[in-house]
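Student: For reference, the file work.csv (CSV, C-alpha atoms) is included below:
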chain,number,residue,atom,x,y,z
Q,1,LEU,CA,-8.9,-0.6,11.7
Q,2,PRO,CA,-9.1,2.4,9.2
Q,3,ILE,CA,-11.2,1.6,6.2
Q,4,SER,CA,-11.3,3.4,2.9
Q,5,THR,CA,-13.8,6.2,2.6
Q,6,PRO,CA,-15.6,4.7,-0.5
Q,7,ALA,CA,-16.0,1.4,1.3
Q,8,LEU,CA,-17.4,3.0,4.5
Q,9,THR,CA,-19.9,5.2,2.6
Q,10,GLY,CA,-21.0,2.2,0.5
Q,11,LEU,CA,-21.6,0.2,3.7
Q,12,ALA,CA,-23.4,3.0,5.3
Q,13,GLN,CA,-25.7,3.5,2.2
Q,14,TYR,CA,-26.4,-0.3,2.3
Q,15,VAL,CA,-27.3,-0.2,6.0
Q,16,GLN,CA,-29.5,2.8,5.4
Q,17,ARG,CA,-31.2,1.3,2.3
Q,18,ALA,CA,-31.8,-2.1,3.9
Q,19,ASN,CA,-32.8,-0.6,7.2
Q,20,GLU,CA,-30.4,-2.9,9.0
Q,21,ASP,CA,-30.3,-2.9,12.8
Q,22,ILE,CA,-26.7,-2.5,13.9
Q,23,SER,CA,-27.4,-1.7,17.5
Q,24,ARG,CA,-25.6,-4.8,18.7
Q,25,CYS,CA,-22.3,-4.0,16.8
Q,26,ARG,CA,-22.3,-0.2,16.9
Q,27,PRO,CA,-18.7,1.1,16.7
Q,28,ASP,CA,-17.2,3.7,19.2
Q,29,LEU,CA,-15.4,5.5,16.4
Q,30,VAL,CA,-15.3,5.3,12.6
Q,31,ILE,CA,-11.9,6.0,10.9
Q,32,SER,CA,-11.8,6.5,7.2
Q,33,ARG,CA,-8.7,6.6,4.9
Q,34,ALA,CA,-7.5,6.4,1.3
Q,35,ALA,CA,-9.7,9.3,0.1
Q,36,PRO,CA,-11.0,12.6,1.4
Q,37,LEU,CA,-13.9,12.6,3.8
Q,38,TYR,CA,-16.3,15.2,2.6
Q,39,GLU,CA,-19.0,16.8,4.8
Q,40,HIS,CA,-21.9,14.9,3.3
Q,41,GLU,CA,-20.1,11.6,3.7
Q,42,LYS,CA,-19.2,12.5,7.3
Q,43,LYS,CA,-22.9,13.3,8.0
Q,44,LEU,CA,-24.0,10.0,6.5
Q,45,LEU,CA,-21.5,7.9,8.5
Q,46,THR,CA,-22.4,9.8,11.7
Q,47,GLU,CA,-26.1,9.2,11.2
Q,48,VAL,CA,-25.8,5.6,10.3
Q,49,PHE,CA,-23.2,4.4,12.8
Q,50,GLY,CA,-24.1,6.8,15.6
Q,51,CYS,CA,-20.6,7.6,16.7
Q,52,PRO,CA,-17.8,10.2,16.0
Q,53,VAL,CA,-16.1,10.0,12.5
Q,54,THR,CA,-12.5,10.9,11.7
Q,55,ASN,CA,-10.2,10.6,8.8
Q,56,ILE,CA,-6.5,9.7,8.2
Q,57,TYR,CA,-4.5,11.7,5.6
Q,58,GLY,CA,-1.9,9.5,4.0
Q,59,SER,CA,-1.0,7.3,1.0
Q,60,ARG,CA,0.0,3.8,0.1
Q,61,GLU,CA,3.6,4.7,-0.5
Q,62,LEU,CA,4.1,6.9,2.6
Q,63,GLY,CA,1.7,5.7,5.3
Q,64,HIS,CA,-0.2,7.8,7.8
Q,65,ILE,CA,0.9,11.4,7.4
Q,66,ALA,CA,-1.8,13.3,9.4
Q,67,MET,CA,-5.0,12.7,11.3
Q,68,ASN,CA,-7.9,14.7,12.8
Q,69,CYS,CA,-7.9,15.5,16.5
Q,70,PRO,CA,-11.2,15.7,18.5
Q,71,HIS,CA,-11.3,19.4,17.9
Q,72,GLY,CA,-11.3,18.9,14.1
Q,73,SER,CA,-7.7,20.0,13.2
Q,74,ILE,CA,-5.6,17.8,10.9
Q,75,HIS,CA,-2.3,17.3,12.8
Q,76,VAL,CA,0.9,16.2,11.0
Q,77,ASN,CA,2.7,13.2,12.4
Q,78,GLN,CA,5.9,15.3,12.8
Q,79,GLU,CA,7.8,12.5,14.5
Q,80,ASN,CA,7.8,10.7,11.2
Q,81,TYR,CA,7.3,13.2,8.5
Q,82,LEU,CA,8.5,16.6,7.3
Q,83,VAL,CA,5.6,18.3,5.5
Q,84,GLU,CA,6.2,21.5,3.4
Q,85,ILE,CA,4.3,23.6,0.9
Q,86,GLU,CA,6.3,24.0,-2.4
Q,87,GLY,CA,7.9,27.4,-2.6
Q,88,VAL,CA,7.6,28.1,1.1
Q,89,GLY,CA,10.4,27.8,3.6
Q,90,ILE,CA,10.4,25.0,6.2
Q,91,ASP,CA,10.2,27.5,9.1
Q,92,GLN,CA,7.4,29.5,7.5
Q,93,GLU,CA,3.6,29.0,7.5
Q,94,SER,CA,2.0,28.9,4.1
Q,95,ALA,CA,0.6,32.2,2.7
Q,96,GLY,CA,-2.0,30.2,0.9
Q,97,PRO,CA,-2.7,26.8,-0.7
Q,98,GLY,CA,0.1,25.1,-2.6
Q,99,LYS,CA,1.5,21.7,-3.6
Q,100,ILE,CA,2.4,19.5,-0.7
Q,101,LEU,CA,6.0,18.1,-0.3
Q,102,ILE,CA,6.5,15.1,2.0
Q,103,THR,CA,9.9,13.8,3.4
Q,104,PRO,CA,9.6,10.7,5.6
Q,105,LEU,CA,12.0,10.7,8.6
Q,106,PHE,CA,12.2,6.9,8.9
Q,107,GLU,CA,14.3,4.4,7.0
Q,108,SER,CA,12.7,2.8,4.0
Q,109,PRO,CA,13.8,0.7,1.0
Q,110,MET,CA,13.0,3.6,-1.3
Q,111,PRO,CA,13.8,7.1,0.1
Q,112,PHE,CA,11.3,9.9,-0.6
Q,113,LEU,CA,12.9,13.4,-0.4
Q,114,ARG,CA,10.5,16.4,-0.8
Q,115,TYR,CA,8.1,14.0,-2.6
Q,116,ARG,CA,5.3,15.7,-4.5
Q,117,ILE,CA,2.3,13.6,-3.4
Q,118,GLY,CA,0.0,15.3,-5.8
Q,119,ASP,CA,-2.2,17.2,-3.4
Q,120,ILE,CA,-2.9,20.9,-2.8
Q,121,ALA,CA,-3.2,22.0,0.8
Q,122,GLU,CA,-2.5,24.9,3.2
Q,123,LEU,CA,-0.4,24.7,6.3
Q,124,GLY,CA,-1.5,26.3,9.6
Q,125,GLY,CA,0.3,26.8,12.9
Q,126,ASN,CA,0.4,24.6,16.0
Q,127,ASP,CA,-2.0,26.5,18.2
Q,128,CYS,CA,-5.0,24.0,18.1
Q,129,SER,CA,-7.3,24.3,21.1
Q,130,CYS,CA,-6.8,20.5,21.7
Q,131,GLY,CA,-3.4,21.4,23.2
Q,132,ARG,CA,-1.4,19.2,20.8
Q,133,SER,CA,1.7,20.9,19.4
Q,134,PRO,CA,2.2,19.2,16.0
Q,135,LEU,CA,1.8,21.3,12.8
Q,136,VAL,CA,-1.7,21.6,11.4
Q,137,LEU,CA,-2.8,21.1,7.8
Q,138,LYS,CA,-5.3,24.0,7.8
Q,139,LYS,CA,-7.0,22.8,4.6
Q,140,ILE,CA,-6.6,19.9,2.2
Q,141,MET,CA,-8.1,21.1,-1.1
Q,142,GLY,CA,-7.7,17.8,-2.9
Q,143,ARG,CA,-5.7,16.3,-5.8
Q,144,ILE,CA,-4.0,18.8,-8.1
Q,145,GLY,CA,-6.2,17.6,-11.0
Q,146,GLU,CA,-9.4,18.0,-9.0
Q,147,VAL,CA,-8.9,21.7,-8.3
Q,148,PHE,CA,-10.4,23.9,-11.0
Q,149,LYS,CA,-8.6,27.2,-11.7
Q,150,THR,CA,-10.6,29.9,-13.3
Q,151,LYS,CA,-9.1,32.4,-15.7
Q,152,ASP,CA,-9.0,35.0,-12.9
Q,153,GLY,CA,-6.9,32.7,-10.8
Q,154,HIS,CA,-9.6,31.6,-8.4
Q,155,LEU,CA,-9.3,28.0,-7.1
Q,156,ILE,CA,-12.4,25.8,-6.8
Q,157,GLU,CA,-11.8,22.9,-4.5
Q,158,PRO,CA,-13.7,19.5,-4.9
Q,159,ASN,CA,-15.7,20.1,-1.7
Q,160,PHE,CA,-17.4,23.0,-3.5
Q,161,TRP,CA,-19.2,20.4,-5.7
Q,162,CYS,CA,-20.4,18.6,-2.6
Q,163,ILE,CA,-22.0,21.8,-1.3
Q,164,ALA,CA,-23.6,22.4,-4.7
Q,165,PHE,CA,-25.2,18.9,-5.0
Q,166,GLU,CA,-25.8,18.1,-1.3
Q,167,ASP,CA,-28.0,21.1,-0.4
Q,168,GLY,CA,-31.6,21.9,-1.2
Q,169,ARG,CA,-33.4,20.3,-4.2
Q,170,PRO,CA,-30.3,18.6,-5.8
Q,171,SER,CA,-29.7,16.7,-2.5
Q,172,GLN,CA,-33.1,15.0,-3.0
Q,173,ASP,CA,-33.1,14.7,-6.8
Q,174,VAL,CA,-29.5,13.6,-7.7
Q,175,GLU,CA,-28.5,10.0,-7.1
Q,176,ARG,CA,-24.8,10.4,-8.2
Q,177,PHE,CA,-22.8,13.0,-10.0
Q,178,GLN,CA,-19.4,13.5,-11.7
Q,179,VAL,CA,-17.8,16.8,-12.6
Q,180,VAL,CA,-15.8,17.0,-15.9
Q,181,TYR,CA,-13.4,19.9,-16.5
Q,182,ARG,CA,-13.6,20.2,-20.3
Q,183,ARG,CA,-11.8,23.6,-20.7
Q,184,ASP,CA,-11.0,26.5,-18.4
Q,185,ASP,CA,-14.3,28.0,-19.4
Q,186,CYS,CA,-16.5,24.9,-19.7
Q,187,ILE,CA,-17.6,22.4,-17.0
Q,188,ARG,CA,-19.9,19.4,-17.6
Q,189,PHE,CA,-21.9,17.6,-15.0
Q,190,ARG,CA,-22.7,13.9,-15.4
Q,191,ILE,CA,-25.8,13.2,-13.4
Q,192,VAL,CA,-27.7,10.0,-12.4
Q,193,ARG,CA,-31.2,11.3,-11.7
Q,194,ARG,CA,-33.7,10.3,-9.1
Q,195,ALA,CA,-37.5,10.2,-9.8
Q,196,GLY,CA,-38.0,13.7,-8.6
Q,197,TYR,CA,-35.4,15.4,-10.8
Q,198,SER,CA,-36.9,18.1,-13.0
Q,199,ALA,CA,-36.1,21.2,-15.0
Q,200,GLU,CA,-36.3,23.1,-11.6
Q,201,THR,CA,-33.5,21.0,-10.2
Q,202,GLU,CA,-31.2,21.9,-13.2
Q,203,ALA,CA,-32.2,25.5,-12.9
Q,204,ASP,CA,-31.3,25.5,-9.2
Q,205,LEU,CA,-27.8,24.0,-10.0
Q,206,ARG,CA,-27.3,26.5,-12.8
Q,207,HIS,CA,-28.2,29.4,-10.5
Q,208,PHE,CA,-25.8,28.2,-7.9
Q,209,MET,CA,-22.9,27.8,-10.4
Q,210,GLU,CA,-23.5,31.1,-12.1
Q,211,LYS,CA,-23.5,32.8,-8.7
Q,212,ASN,CA,-20.1,31.4,-7.9
Q,213,PHE,CA,-18.3,31.5,-11.3
Q,214,PRO,CA,-17.2,34.2,-13.7
Q,215,SER,CA,-19.7,34.8,-16.5
Q,216,ASN,CA,-17.5,33.3,-19.1
Q,217,VAL,CA,-17.7,29.8,-17.7
Q,218,GLN,CA,-20.3,27.5,-19.4
Q,219,PHE,CA,-22.1,24.6,-17.8
Q,220,GLU,CA,-23.2,21.5,-19.6
Q,221,PHE,CA,-25.5,18.8,-18.2
Q,222,GLU,CA,-25.2,15.1,-19.3
Q,223,TYR,CA,-27.7,12.7,-17.9
Q,224,VAL,CA,-26.6,9.0,-17.6
Q,225,SER,CA,-28.0,5.8,-16.2
Q,226,ASP,CA,-24.9,5.0,-14.1
Q,227,ILE,CA,-21.4,6.2,-13.2
Q,228,LYS,CA,-19.1,3.3,-12.8
Q,229,PRO,CA,-16.3,3.2,-10.1
Q,230,GLN,CA,-12.7,2.5,-10.9
Q,231,PRO,CA,-11.2,-1.0,-10.4
Q,232,SER,CA,-10.1,0.1,-6.9
Q,233,GLY,CA,-13.7,0.8,-6.0
Q,234,LYS,CA,-13.2,4.5,-5.8
Q,235,TYR,CA,-15.5,6.8,-7.8
Q,236,LEU,CA,-13.9,9.5,-9.9
Q,237,PHE,CA,-15.4,12.6,-8.3
Q,238,VAL,CA,-13.7,14.8,-10.9
Q,239,VAL,CA,-12.5,14.1,-14.4
Q,240,ASN,CA,-10.0,16.6,-15.6
Q,241,GLU,CA,-10.0,16.6,-19.4
Q,242,ILE,CA,-7.9,19.7,-19.5
Q,243,GLU,CA,-5.0,17.9,-17.7
Q,244,GLN,CA,-5.4,14.9,-20.0
Q,245,GLN,CA,-5.2,17.1,-23.1
Q,246,GLU,CA,-2.1,18.8,-21.8
Q,247,GLU,CA,-0.5,15.4,-21.1
Q,248,GLN,CA,-1.3,14.2,-24.7
Q,249,LEU,CA,0.2,17.4,-26.2
Q,250,ALA,CA,3.4,17.0,-24.1
Q,251,ALA,CA,3.8,13.4,-25.3
Q,252,VAL,CA,3.6,14.4,-29.0
Can I see the file as structure tokens?
Tutor:
Amino acid sequence: LPISTPALTGLAQYVQRANEDISRCRPDLVISRAAPLYEHEKKLLTEVFGCPVTNIYGSRELGHIAMNCPHGSIHVNQENYLVEIEGVGIDQESAGPGKILITPLFESPMPFLRYRIGDIAELGGNDCSCGRSPLVLKKIMGRIGEVFKTKDGHLIEPNFWCIAFEDGRPSQDVERFQVVYRRDDCIRFRIVRRAGYSAETEADLRHFMEKNFPSNVQFEFEYVSDIKPQPSGKYLFVVNEIEQQEEQLAAV
């Protein structure tokens, strides 16, 4: 059965930390759901469980909308869902990333018509090398509030932060991190440090960010002892204070 990505990665980390022998119950396939599966998480699950890892794209209110094929494409379940990008015609491919609209094609107590699910993605064609014809979600960038938009209009997707923290020195020195969008020119990093964390680690992170962001964006570092999960068990990968401030102003 599909299991939530946070639960699977938590189990894998425990197995790795406790050096558990799972050879007698090794799965043939790991299926994650309920959250994006980032590359560092996929790598961890593959190493620990020693089998292929895939991910289902869906939601509690709508069900399983799309899933990876063996060739890595994310195919839409077109027998049950109409998937569109807002502002793009049904018979056209997306010219770039946009807000996803979902219309289930099955009966349900509550109809959803062009439902804004709250994600940003890009549609592709149906020419996957696996031979399957259903439409492909070329890229799922993440939740609308998790995508950072620079002043020059460049979109930074959540997976960018995984690349920043899961490569080189930071991958060894950072236990857990959280990205806080404070303003469109200010980003704060909450970091739980490991023993090897040093000024060089922060310098490496600053260099990576400054290389990929406009010069007007500032970066702040906040060091904490822990980053608590939500009641659901999911960790807030990104905290968007810009969106929260806008919502507060709209409510006034």
Student: Excluding stretch 99-113 of chain Q and any residue of its chain fewer than 3 positions from it, enumerate the residues within 8 Å of it, using all atoms listed in the file, and give them as an MDAnalysis selection string.
Tutor: chainID Q and resid 62 79:86 116:121 144
Student: What is the atom CA of Q:Ile65-atom CA of Q:Cys130 distance in Å, reported with one decimal?
Tutor: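 Taking atom CA of Q:Ile65 as the start and atom CA of Q:Cys130 as the end point, the length is 18.6 Å.
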Student: Could you tell me, as a list of chain:residue names, which residues have any atom at most 12 Å from (-18.5, 1.9, -1.5), counting all atoms listed in the file?
Tutor: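 All residues meeting the 12 Å criterion around (-18.5, 1.9, -1.5) are Q:Ile3, Q:Ser4, Q:Thr5, Q:Pro6, Q:Ala7, Q:Leu8, Q:Thr9, Q:Gly10, Q:Leu11, Q:Ala12, Q:Gln13, Q:Tyr14, Q:Val15, Q:Ser32, Q:Ala35, Q:Glu41, Q:Lys228, Q:Pro229, Q:Gln230, Q:Pro231, Q:Ser232, Q:Gly233, Q:Lys234, Q:Tyr235.
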Student: Which residue out of Q:Ile31, Q:Val76, Q:Val88, Q:Val179 has the minimum interatomic distance to Q:Leu137 when all atoms listed in the file are used?
Tutor: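 Using all atoms listed in the file, Q:Leu137 sits closest to Q:Val76.
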Student: How many Å lie between atom CA of Q:Tyr38 and atom CA of Q:Trp161, rounded to one decimal?
Tutor: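 Distance between the two atoms: 10.2 Å.
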Student: Quick one: of Q:Glu122, Q:Glu39, Q:Glu200, Q:Asp152, who's nearest to Q:Lys139, counting all atoms listed in the file?
Tutor: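 Checking each candidate against Q:Lys139, we get Q:Glu122 as the closest.
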Student: Find the spatial neighbours of Q:Gly50, counting only C-alpha atoms, within a cut-off of 8 Å - ignore same-chain residues fewer than 5 positions away - and output them as a PyMOL selection string.
Tutor: chain Q and resi 26-27+45
Student: To one decimal place, how far is atom CA of Q:Thr201 from atom CA of Q:Lys42 in Å?
Tutor: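 About the pair atom CA of Q:Thr201 and atom CA of Q:Lys42: they are 24.1 Å apart.
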